[in-house]
file structure37.tsv (TSV, C-alpha atoms)
chain	number	residue	atom	x	y	z
A	1	MET	CA	56.80	165.69	175.96
A	2	ALA	CA	57.70	162.15	174.94
A	3	PHE	CA	60.84	163.37	173.17
A	4	LEU	CA	61.97	165.24	176.28
A	5	TRP	CA	61.57	162.08	178.35
A	6	SER	CA	63.42	160.07	175.72
A	7	ALA	CA	66.26	162.59	175.43
A	8	THR	CA	66.64	162.77	179.18
A	9	SER	CA	66.64	159.03	179.67
A	10	PHE	CA	68.98	158.47	176.73
A	11	GLY	CA	71.48	161.06	177.95
A	12	TYR	CA	71.32	159.94	181.56
A	13	TYR	CA	72.16	156.34	180.78
A	14	LEU	CA	74.58	157.12	177.96
A	15	ILE	CA	76.82	158.99	180.38
A	16	ASN	CA	76.74	156.00	182.75
A	17	PHE	CA	77.67	153.56	180.01
A	18	GLN	CA	80.25	155.94	178.55
A	19	LEU	CA	82.15	156.33	181.84
A	20	LYS	CA	84.38	153.33	181.24
A	21	TYR	CA	85.67	154.88	178.00
A	22	ILE	CA	86.20	158.42	179.26
A	23	LYS	CA	89.83	159.12	180.07
A	24	GLY	CA	90.90	159.74	183.64
A	25	ASP	CA	90.38	157.82	186.84
A	26	PHE	CA	87.28	155.67	186.51
A	27	PHE	CA	86.57	155.87	190.25
A	28	ILE	CA	86.82	159.67	190.40
A	29	ASN	CA	84.53	159.94	187.37
A	30	THR	CA	82.01	157.54	188.94
A	31	ILE	CA	82.07	159.38	192.27
A	32	THR	CA	81.56	162.67	190.41
A	33	THR	CA	78.48	161.36	188.60
A	34	SER	CA	77.07	159.94	191.83
A	35	LEU	CA	77.61	163.10	193.85
A	36	THR	CA	76.08	165.21	191.08
A	37	GLU	CA	72.72	163.47	191.37
A	38	VAL	CA	71.33	164.95	194.62
A	39	PRO	CA	72.31	168.61	194.03
A	40	ALA	CA	70.98	168.38	190.47
A	41	ILE	CA	67.62	167.08	191.60
A	42	LEU	CA	67.34	169.63	194.43
A	43	LEU	CA	68.46	172.63	192.38
A	44	GLY	CA	66.40	171.53	189.39
A	45	GLY	CA	63.28	171.33	191.56
A	46	ILE	CA	63.95	174.73	193.11
A	47	ALA	CA	64.57	176.31	189.70
A	48	TYR	CA	61.41	174.66	188.38
A	49	GLN	CA	59.43	176.15	191.26
A	50	LYS	CA	60.96	179.64	190.93
A	51	LEU	CA	61.48	180.02	187.17
A	52	GLY	CA	58.93	177.69	185.64
A	53	MET	CA	59.11	174.73	183.31
A	54	LYS	CA	60.47	176.16	180.05
A	55	PRO	CA	63.43	178.17	181.36
A	56	THR	CA	64.48	175.41	183.72
A	57	LEU	CA	64.35	172.66	181.09
A	58	MET	CA	66.19	174.81	178.58
A	59	ALA	CA	68.87	175.85	181.09
A	60	CYS	CA	69.46	172.28	182.25
A	61	PHE	CA	69.74	170.95	178.72
A	62	ILE	CA	72.14	173.78	177.86
A	63	ILE	CA	74.31	172.83	180.87
A	64	SER	CA	74.38	169.27	179.54
A	65	ILE	CA	75.30	170.50	176.07
A	66	ILE	CA	78.18	172.55	177.46
A	67	GLY	CA	79.47	169.55	179.42
A	68	GLY	CA	79.15	167.30	176.38
A	69	ILE	CA	80.91	169.74	174.07
A	70	CYS	CA	83.73	170.12	176.58
A	71	LEU	CA	84.07	166.32	176.76
A	72	ILE	CA	84.34	166.21	172.96
A	73	ILE	CA	86.83	169.06	172.61
A	74	TRP	CA	89.04	168.43	175.65
A	75	ALA	CA	88.86	164.63	175.84
A	76	ASN	CA	92.55	164.42	176.78
A	77	ALA	CA	92.44	166.99	179.61
A	78	VAL	CA	92.38	164.34	182.33
A	79	ASP	CA	92.37	166.81	185.23
A	80	ALA	CA	89.28	168.65	183.97
A	81	ILE	CA	87.23	165.61	182.91
A	82	PRO	CA	85.37	165.23	186.25
A	83	PHE	CA	84.11	168.81	185.90
A	84	MET	CA	82.95	168.16	182.35
A	85	ILE	CA	81.16	165.00	183.45
A	86	LEU	CA	79.68	166.97	186.34
A	87	ALA	CA	78.17	169.53	183.94
A	88	ALA	CA	76.83	166.96	181.50
A	89	ARG	CA	75.38	164.76	184.21
A	90	PHE	CA	74.03	167.69	186.28
A	91	GLY	CA	71.85	168.95	183.46
A	92	VAL	CA	70.51	165.54	182.52
A	93	SER	CA	69.80	164.57	186.15
A	94	ALA	CA	67.92	167.80	186.73
A	95	THR	CA	65.84	167.36	183.58
A	96	PHE	CA	65.04	163.78	184.61
A	97	ASN	CA	63.38	165.20	187.71
A	98	ILE	CA	61.72	168.07	185.88
A	99	VAL	CA	60.00	165.94	183.22
A	100	TYR	CA	58.28	163.97	185.97
A	101	LEU	CA	57.10	167.19	187.62
A	102	ALA	CA	56.06	168.75	184.32
A	103	ASN	CA	53.92	165.77	183.35
A	104	ALA	CA	51.57	166.42	186.25
A	105	GLN	CA	51.48	170.13	185.49
A	106	ILE	CA	50.88	169.96	181.74
A	107	PHE	CA	48.24	167.24	181.56
A	108	PRO	CA	44.94	166.98	183.43
A	109	THR	CA	44.88	164.39	186.19
A	110	ILE	CA	42.60	162.07	184.23
A	111	PHE	CA	45.20	161.79	181.41
A	112	ALA	CA	48.43	162.16	183.40
A	113	GLY	CA	48.83	158.44	184.12
A	114	THR	CA	48.31	157.46	180.49
A	115	VAL	CA	50.70	160.14	179.24
A	116	PHE	CA	53.21	159.07	181.87
A	117	GLY	CA	53.05	155.50	180.56
A	118	ILE	CA	53.33	156.51	176.90
A	119	CYS	CA	56.28	158.80	177.61
A	120	ASN	CA	57.93	156.09	179.66
A	121	VAL	CA	57.65	153.61	176.76
A	122	PHE	CA	59.44	156.07	174.45
A	123	ALA	CA	62.03	156.83	177.14
A	124	LYS	CA	62.80	153.15	177.74
A	125	THR	CA	63.10	152.58	174.01
A	126	ALA	CA	65.65	155.40	173.79
A	127	THR	CA	67.43	153.96	176.80
A	128	ILE	CA	67.85	150.63	174.99
A	129	VAL	CA	69.95	152.43	172.37
A	130	SER	CA	72.33	154.09	174.85
A	131	PRO	CA	74.51	151.06	175.81
A	132	MET	CA	74.91	150.13	172.15
A	133	LEU	CA	75.89	153.69	171.24
A	134	ALA	CA	78.35	153.83	174.16
A	135	GLU	CA	80.36	151.03	172.51
A	136	VAL	CA	80.97	153.09	169.35
A	137	ASP	CA	84.33	154.84	168.93
A	138	PRO	CA	84.83	157.86	171.21
A	139	PRO	CA	83.59	161.13	169.83
A	140	ILE	CA	80.41	159.66	168.29
A	141	PRO	CA	78.49	158.92	171.54
A	142	MET	CA	79.07	162.39	172.97
A	143	ILE	CA	78.25	164.02	169.64
A	144	CYS	CA	74.92	162.15	169.67
A	145	PHE	CA	74.43	163.23	173.29
A	146	VAL	CA	74.98	166.89	172.38
A	147	ILE	CA	72.71	166.70	169.32
A	148	ILE	CA	69.85	165.07	171.23
A	149	CYS	CA	70.18	167.53	174.12
A	150	GLY	CA	70.18	170.37	171.56
A	151	LEU	CA	66.99	169.08	169.98
A	152	ALA	CA	65.44	168.72	173.43
A	153	THR	CA	66.39	172.32	174.21
A	154	ILE	CA	64.65	173.52	171.07
A	155	ILE	CA	61.57	171.39	171.77
A	156	SER	CA	61.48	172.69	175.36
A	157	PHE	CA	61.01	176.18	173.97
A	158	PHE	CA	57.77	175.11	172.30
A	159	ILE	CA	56.10	173.53	175.34
A	160	ILE	CA	52.66	175.08	175.72
A	161	THR	CA	51.87	176.19	179.24
A	162	THR	CA	48.97	178.14	180.65
A	163	PRO	CA	49.45	181.32	182.69
A	164	ASP	CA	48.60	179.30	185.83
A	165	ASP	CA	51.57	177.01	185.17
A	166	GLU	CA	54.24	179.70	185.40
A	167	PRO	CA	55.31	181.33	188.70
call {"tool": "encode", "arguments": {"input": "structure37.tsv", "output": "C-alpha coordinates"}}
result
Amino acid sequence: MAFLWSATSFGYYLINFQLKYIKGDFFINTITTSLTEVPAILLGGIAYQKLGMKPTLMACFIISIIGGICLIIWANAVDAIPFMILAARFGVSATFNIVYLANAQIFPTIFAGTVFGICNVFAKTATIVSPMLAEVDPPIPMICFVIICGLATIISFFIITTPDDEP
(Lines of atoms letter the chains of each structure in order from A and count residues from 1; the text may use other names and numbers.)
(Lines give C-alpha, C1' and ligand atoms only; values in the text may rest on other atoms or scores of the structure.)
Protein backbone atom coordinates (compact mmCIF):
# COMPACT_ATOMS: atom_id res chain seq x y z
CA MET A 1 0.00 0.00 0.00
CA ALA A 2 2.89 2.35 0.73
CA PHE A 3 4.11 2.10 -2.86
CA LEU A 4 0.67 3.00 -4.20
CA TRP A 5 0.60 6.10 -1.99
CA SER A 6 4.12 6.99 -3.08
CA ALA A 7 3.38 6.48 -6.77
CA THR A 8 0.22 8.53 -6.55
CA SER A 9 1.84 11.38 -4.68
CA PHE A 10 4.90 11.35 -6.93
CA GLY A 11 2.81 11.43 -10.12
CA TYR A 12 0.40 14.04 -8.83
CA TYR A 13 3.10 16.53 -7.97
CA LEU A 14 5.35 15.67 -10.91
CA ILE A 15 2.62 16.76 -13.32
CA ASN A 16 2.27 20.05 -11.42
CA PHE A 17 5.98 20.74 -11.53
CA GLN A 18 6.26 19.58 -15.14
CA LEU A 19 3.56 21.98 -16.40
CA LYS A 20 5.99 24.82 -17.00
CA TYR A 21 8.01 22.66 -19.41
CA ILE A 22 5.12 21.14 -21.33
CA LYS A 23 4.55 22.86 -24.66
CA GLY A 24 1.39 24.83 -25.26
CA ASP A 25 -0.29 27.61 -23.36
CA PHE A 26 0.72 27.41 -19.71
CA PHE A 27 -2.58 28.91 -18.55
CA ILE A 28 -4.72 26.48 -20.55
CA ASN A 29 -2.66 23.57 -19.22
CA THR A 30 -3.01 24.83 -15.64
CA ILE A 31 -6.75 25.35 -15.99
CA THR A 32 -7.06 21.84 -17.44
CA THR A 33 -5.26 20.29 -14.47
CA SER A 34 -7.36 22.29 -12.03
CA LEU A 35 -10.67 21.43 -13.65
CA THR A 36 -9.73 17.76 -13.81
CA GLU A 37 -9.47 17.48 -10.03
CA VAL A 38 -13.15 17.50 -8.98
CA PRO A 39 -14.51 15.12 -11.66
CA ALA A 40 -11.61 12.74 -11.02
CA ILE A 41 -12.30 12.60 -7.31
CA LEU A 42 -16.06 12.20 -7.80
CA LEU A 43 -15.84 9.58 -10.55
CA GLY A 44 -13.03 7.75 -8.76
CA GLY A 45 -15.14 7.52 -5.60
CA ILE A 46 -18.18 6.31 -7.52
CA ALA A 47 -16.11 3.71 -9.40
CA TYR A 48 -14.55 2.61 -6.12
CA GLN A 49 -18.01 2.14 -4.63
CA LYS A 50 -19.42 0.29 -7.66
CA LEU A 51 -16.43 -1.72 -8.94
CA GLY A 52 -14.24 -2.16 -5.89
CA MET A 53 -10.68 -1.25 -5.04
CA LYS A 54 -8.57 -3.31 -7.45
CA PRO A 55 -10.35 -2.56 -10.73
CA THR A 56 -10.67 1.12 -9.92
CA LEU A 57 -7.03 1.57 -8.95
CA MET A 58 -5.85 -0.35 -11.99
CA ALA A 59 -8.14 1.57 -14.37
CA CYS A 60 -7.10 4.94 -12.98
CA PHE A 61 -3.41 4.13 -13.19
CA ILE A 62 -3.91 2.89 -16.76
CA ILE A 63 -5.60 6.19 -17.66
CA SER A 64 -2.56 8.00 -16.25
CA ILE A 65 -0.22 5.75 -18.23
CA ILE A 66 -2.10 6.47 -21.45
CA GLY A 67 -1.94 10.22 -20.80
CA GLY A 68 1.77 10.01 -19.97
CA ILE A 69 2.60 7.95 -23.05
CA CYS A 70 0.68 10.40 -25.23
CA LEU A 71 2.64 13.29 -23.69
CA ILE A 72 5.88 11.49 -24.52
CA ILE A 73 4.96 10.55 -28.08
CA TRP A 74 3.08 13.67 -29.17
CA ALA A 75 4.95 16.31 -27.17
CA ASN A 76 4.78 18.76 -30.08
CA ALA A 77 1.03 18.43 -30.74
CA VAL A 78 0.19 21.68 -28.95
CA ASP A 79 -3.56 21.50 -29.62
CA ALA A 80 -3.91 18.05 -28.04
CA ILE A 81 -1.67 18.59 -25.02
CA PRO A 82 -4.48 19.72 -22.66
CA PHE A 83 -6.29 16.43 -23.34
CA MET A 84 -3.15 14.44 -22.64
CA ILE A 85 -2.60 16.34 -19.40
CA LEU A 86 -6.26 15.77 -18.56
CA ALA A 87 -5.85 12.00 -18.89
CA ALA A 88 -2.61 11.83 -16.93
CA ARG A 89 -3.86 14.08 -14.16
CA PHE A 90 -7.35 12.49 -14.04
CA GLY A 91 -5.98 9.05 -13.25
CA VAL A 92 -3.54 10.27 -10.63
CA SER A 93 -6.12 12.52 -8.93
CA ALA A 94 -8.60 9.67 -8.75
CA THR A 95 -6.03 7.29 -7.28
CA PHE A 96 -5.05 9.92 -4.72
CA ASN A 97 -8.61 9.78 -3.42
CA ILE A 98 -8.87 6.00 -3.67
CA VAL A 99 -5.73 5.23 -1.64
CA TYR A 100 -7.18 7.21 1.26
CA LEU A 101 -10.45 5.28 1.03
CA ALA A 102 -8.69 1.95 0.61
CA ASN A 103 -6.57 2.45 3.71
CA ALA A 104 -9.64 2.39 5.93
CA GLN A 105 -11.03 -0.63 4.11
CA ILE A 106 -7.90 -2.80 4.06
CA PHE A 107 -6.63 -2.29 7.60
CA PRO A 108 -8.48 -2.73 10.90
CA THR A 109 -9.37 0.50 12.66
CA ILE A 110 -6.80 -0.05 15.39
CA PHE A 111 -3.96 -0.08 12.79
CA ALA A 112 -5.38 2.30 10.18
CA GLY A 113 -3.92 5.45 11.73
CA THR A 114 -0.44 3.96 12.01
CA VAL A 115 -0.53 2.60 8.47
CA PHE A 116 -1.81 5.97 7.26
CA GLY A 117 1.19 7.66 8.87
CA ILE A 118 3.72 5.16 7.53
CA CYS A 119 2.29 5.39 4.01
CA ASN A 120 2.28 9.17 4.23
CA VAL A 121 5.99 9.21 5.15
CA PHE A 122 6.81 7.16 2.04
CA ALA A 123 4.52 9.32 -0.09
CA LYS A 124 6.11 12.56 1.10
CA THR A 125 9.56 11.13 0.47
CA ALA A 126 8.55 10.30 -3.10
CA THR A 127 7.07 13.76 -3.44
CA ILE A 128 10.43 15.32 -2.53
CA VAL A 129 11.91 13.70 -5.65
CA SER A 130 9.27 15.03 -8.07
CA PRO A 131 10.40 18.71 -8.33
CA MET A 132 14.00 17.61 -8.86
CA LEU A 133 12.96 15.13 -11.57
CA ALA A 134 10.79 17.79 -13.25
CA GLU A 135 13.94 19.83 -13.93
CA VAL A 136 15.53 17.02 -15.99
CA ASP A 137 15.39 17.23 -19.79
CA PRO A 138 11.92 16.59 -21.26
CA PRO A 139 11.13 12.99 -21.99
CA ILE A 140 12.78 11.64 -18.81
CA PRO A 141 10.23 12.94 -16.25
CA MET A 142 7.24 11.57 -18.15
CA ILE A 143 9.02 8.28 -18.79
CA CYS A 144 9.56 7.96 -15.02
CA PHE A 145 5.90 8.89 -14.50
CA VAL A 146 4.75 6.14 -16.87
CA ILE A 147 7.09 3.54 -15.34
CA ILE A 148 6.00 4.29 -11.77
CA CYS A 149 2.32 4.27 -12.74
CA GLY A 150 2.91 0.95 -14.53
CA LEU A 151 4.49 -0.55 -11.43
CA ALA A 152 1.62 0.77 -9.33
CA THR A 153 -0.86 -0.85 -11.73
CA ILE A 154 0.87 -4.20 -11.34
CA ILE A 155 1.03 -3.85 -7.54
CA SER A 156 -2.67 -2.89 -7.47
CA PHE A 157 -3.46 -6.28 -8.97
CA PHE A 158 -1.93 -8.00 -5.95
CA ILE A 159 -3.82 -6.12 -3.24
CA ILE A 160 -5.44 -8.66 -0.95
CA THR A 161 -9.06 -7.95 -0.19
CA THR A 162 -11.67 -9.97 1.63
CA PRO A 163 -15.02 -10.86 0.05
CA ASP A 164 -16.65 -8.21 2.28
CA ASP A 165 -14.46 -5.52 0.70
CA GLU A 166 -15.76 -5.96 -2.84
CA PRO A 167 -19.24 -4.82 -3.97
call {"tool": "atom_distance", "arguments": {"input": "structure37.tsv", "atom1": "CA of Phe96 in chain A", "atom2": "CA of Thr33 in chain A"}}
result
14.2 Å
call {"tool": "atom_distance", "arguments": {"input": "structure37.tsv", "atom1": "CA of Pro39 in chain A", "atom2": "CA of Ser93 in chain A"}}
result
9.2 Å
call {"tool": "atom_distance", "arguments": {"input": "structure37.tsv", "atom1": "CA of Phe90 in chain A", "atom2": "CA of Ile147 in chain A"}}
result
17.0 Å
call {"tool": "residues_around", "arguments": {"input": "structure37.tsv", "residues": "range 114-124 of chain A", "least_positions_apart": "3", "cutoff": "6 Å", "atoms": "all atoms listed in the file", "output": "list in words"}}
result
Ala2, Trp5, Ser6, Ser9, Phe111 and Thr127 of chain A
call {"tool": "closest_residue", "arguments": {"input": "structure37.tsv", "among": "A:Leu4, A:Ala88, A:Ile98, A:Ile66", "to": "Leu42 in chain A", "atoms": "all atoms listed in the file"}}
result
A:Ile98
call {"tool": "closest_residue", "arguments": {"input": "structure37.tsv", "among": "A:Ile15, A:Met132, A:Ile159, A:Ile41", "to": "Ile106 in chain A", "atoms": "all atoms listed in the file"}}
result
A:Ile159
call {"tool": "residues_near_point", "arguments": {"input": "structure37.tsv", "point": "(62.9, 175.3, 174.7)", "cutoff": "8 Å", "atoms": "all atoms listed in the file", "output": "number ranges by chain"}}
result
A: 54-55, 57-58, 152-159
call {"tool": "closest_residue", "arguments": {"input": "structure37.tsv", "among": "A:Thr32, A:Thr95, A:Lys20, A:Ala47", "to": "Ile62 in chain A", "atoms": "only C-alpha atoms"}}
result
A:Thr95
call {"tool": "closest_residue", "arguments": {"input": "structure37.tsv", "among": "A:Ile72, A:Asn29, A:Ile110, A:Gly44", "to": "Ile140 in chain A", "atoms": "all atoms listed in the file"}}
result
A:Ile72
call {"tool": "closest_residue", "arguments": {"input": "structure37.tsv", "among": "A:Leu71, A:Leu86, A:Ala102, A:Ile160", "to": "Ile28 in chain A", "atoms": "all atoms listed in the file"}}
result
A:Leu86
call {"tool": "residues_around", "arguments": {"input": "structure37.tsv", "residues": "range 77-84 of chain A", "least_positions_apart": "3", "cutoff": "12 Å", "atoms": "all atoms listed in the file", "output": "number ranges by chain"}}
result
A: 15, 19, 21-36, 63-74, 87-91, 142
call {"tool": "closest_residue", "arguments": {"input": "structure37.tsv", "among": "A:Phe10, A:Tyr100, A:Phe145, A:Tyr48", "to": "Val129 in chain A", "atoms": "all atoms listed in the file"}}
result
A:Phe10
